[in-house]
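Undergrad: I'd like to ask some things about the structure below.
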Amino acid sequence: MAHLDAEVFLWLNGWVGRFAWVDVLMRLVVGDYLVPVLLSLVLFGLWFGARDPQQRTRLQYAVAAAAISLALVNLWISLINDVYFRPRPFTQYEVDLLFYAPTDSSFPANPAAIAFAVAAGLWGSVRRLGGVLFGVAALYGFSRVYAGVAYPLDVVAGGLLGIVTAYLVRRALALLEPAPTYCLRLLRFLCLA
Amino acid sequence: MNDLAREYLAFVFLAALGVLQAAAAYGGLEGLLLLPSRRAAGLLGLSLAVASCIWFFARGNRNLPDTNGGIAGAQQFGYFAVGCAAAVAVTYLLSSLLNASRSRPPVHPGEGLEALAGSTVLQALGRNLAWSRERWLTWMRKSFSG
């Protein structure tokens with residue numbers, strides 16, 4: 001499995017330098033800012049942008065699920081990294097690096113986990129947008145492999161972790177009723193929801 | 001706070017301000033708009049969000065490790081939260097001042113953002129506080145009389 005993972009990684013990273021525009025795009029996408037800020041701004045916009053009270057409530061539950069998933073997935077990854085460390089591919093192979101060399105564990109890929117957690121958190125309520133964000137998350141994960149900082153398996157594991165976390169958070173929110181409704185009511189009183 | 005952090009904070013603040021205007025225009029929350037027309041406010045919001053994004057990413061290489069001028073993950077989250085909170089606070093305050101004269105009378109207390117379709121944040125908050133005070137006084141009267 002690890003051998004296959006490395007083979008796929010080397011094949012994908014081997015495309016670096018062949019098409020200059022792809023490299024420029026990947027350099028932009030792989031960064032720490034573009035996709036995380038874009039996803040967070042989507043959540044921020046959805047919180048305020050609804051046309052009727054029913055839609056607003058549905059969107060705000062979805063945003064809450066995505067935001068809680070995002071926080072939890074970071075916690076899971078921090079716990080996993082405490083017990084398991086996988087070296088980055090550029091420390092083991094000759095790699096064309098399009099990004100700086102991170103020093104933390106490669107497995108599971110944190111960027112993929114957060115992006116998939118947000119997409120999956122919204123997917124239950126906002127199908128079309130959730131689908132678009134799954135595409136963005138997949139591109140973000142791909143860019144990590146292409147840029148030479150993560151193995152494909154790291155991205156897949158991160159993505160699965162994000163999706164499972166979002167699913168559990170949505171279930172937990174439903175089980176915790178009426179607490180989420182009371183929180184929303186308090187925020188409504190303050191004109192924040 | 002280094003240069004990148006300052007620029008990141010400014011970027012998030014401006015982008016969040018823009019997104020909030022676009023979302024308010026889309027949702028018909030006229031009490032939150034900074035321009036008289038919904039369409040103009042929506043366009044302003046989108047332009048602000050896109051322009052701030054271009055400004056931030058065109059200023060130089062942003063792929064820096066946190067050990068060499070970059071921003072650590074937790075700090076990034078903190079700056080994002082501060083930028084968004086500042087955008088909400090500025091929008092709430094400015095829109096309350098700008099729209100004070102053209103707001104319609106309140107509808108129902110405690111309805112949250114829906115109230116901002118016809119009134120400003122300060123008006124809606126004042127109404128909510130008055131309503132809860134009234135309810136509290138009624139409850140006290142009931143509980144402690146005779």
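Quick note on naming: the chains in the structure tokens go A, B, ... in the order shown, residues restart at 1 in each chain, and ligands are numbered from 1 in order of appearance.
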Contacts from chain A to chain B, 6 Å maximum, only C-alpha atoms: show me the residue list as a ChimeraX atom specification.
TA: /A:31,45,48-51,188-189,191,193
Undergrad: Write out as number ranges by chain all residues of chain B that DSSP puts in helix (DSSP H, G or I) for this structure's backbone.
TA: B: 3-27, 30-32, 38-58, 73-98, 100-102, 112-117, 121-144
Undergrad: If we count only C-alpha atoms and set the cut-off at 12 Å, which residues sit around Leu4 of chain A, ignoring sequence neighbours fewer than 4 positions away in its own chain? Please answer as a list in words.
TA: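 Near neighbours after the sequence-gap exclusion: Val8, Phe9, Leu10, Trp11, Tyr151, Pro152 and Leu153 of chain A.
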Undergrad: Measuring atom to atom with only C-alpha atoms, identify which of B:Leu4, B:Leu9, B:Leu33, B:Ala40 is nearest to Ala100 of chain B.
TA: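 Checking each of B:Leu4, B:Leu9, B:Leu33, B:Ala40 against Ala100 of chain B, counting only C-alpha atoms, the winner is B:Leu33.
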Undergrad: Report the distance between atom CA of Val30 of chain A and atom CA of Ser143 of chain A in Å, rounded to one decimal place.
TA: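 According to the coordinates, atom CA of Val30 of chain A and atom CA of Ser143 of chain A are separated by 5.3 Å.
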Undergrad: Excluding same-chain residues fewer than 3 positions from Leu75 of chain A, what lies within 12 Å of it counting only C-alpha atoms, as a list in words?
TA: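 My reading of the contact set: Ile68, Ser69, Leu70, Ala71, Leu72, Ser78, Leu79, Ile80, Asn81, Asp82, Asn110, Ala113, Ile114, Leu161, Gly162 and Thr165 of chain A; Ala74 of chain B.
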Undergrad: If I take atom CA of Ala66 of chain A and atom CA of Ala117 of chain A, how far is one from the other in Å, to one decimal?
TA: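 Taking atom CA of Ala66 of chain A and atom CA of Ala117 of chain A, their separation equals 6.4 Å.
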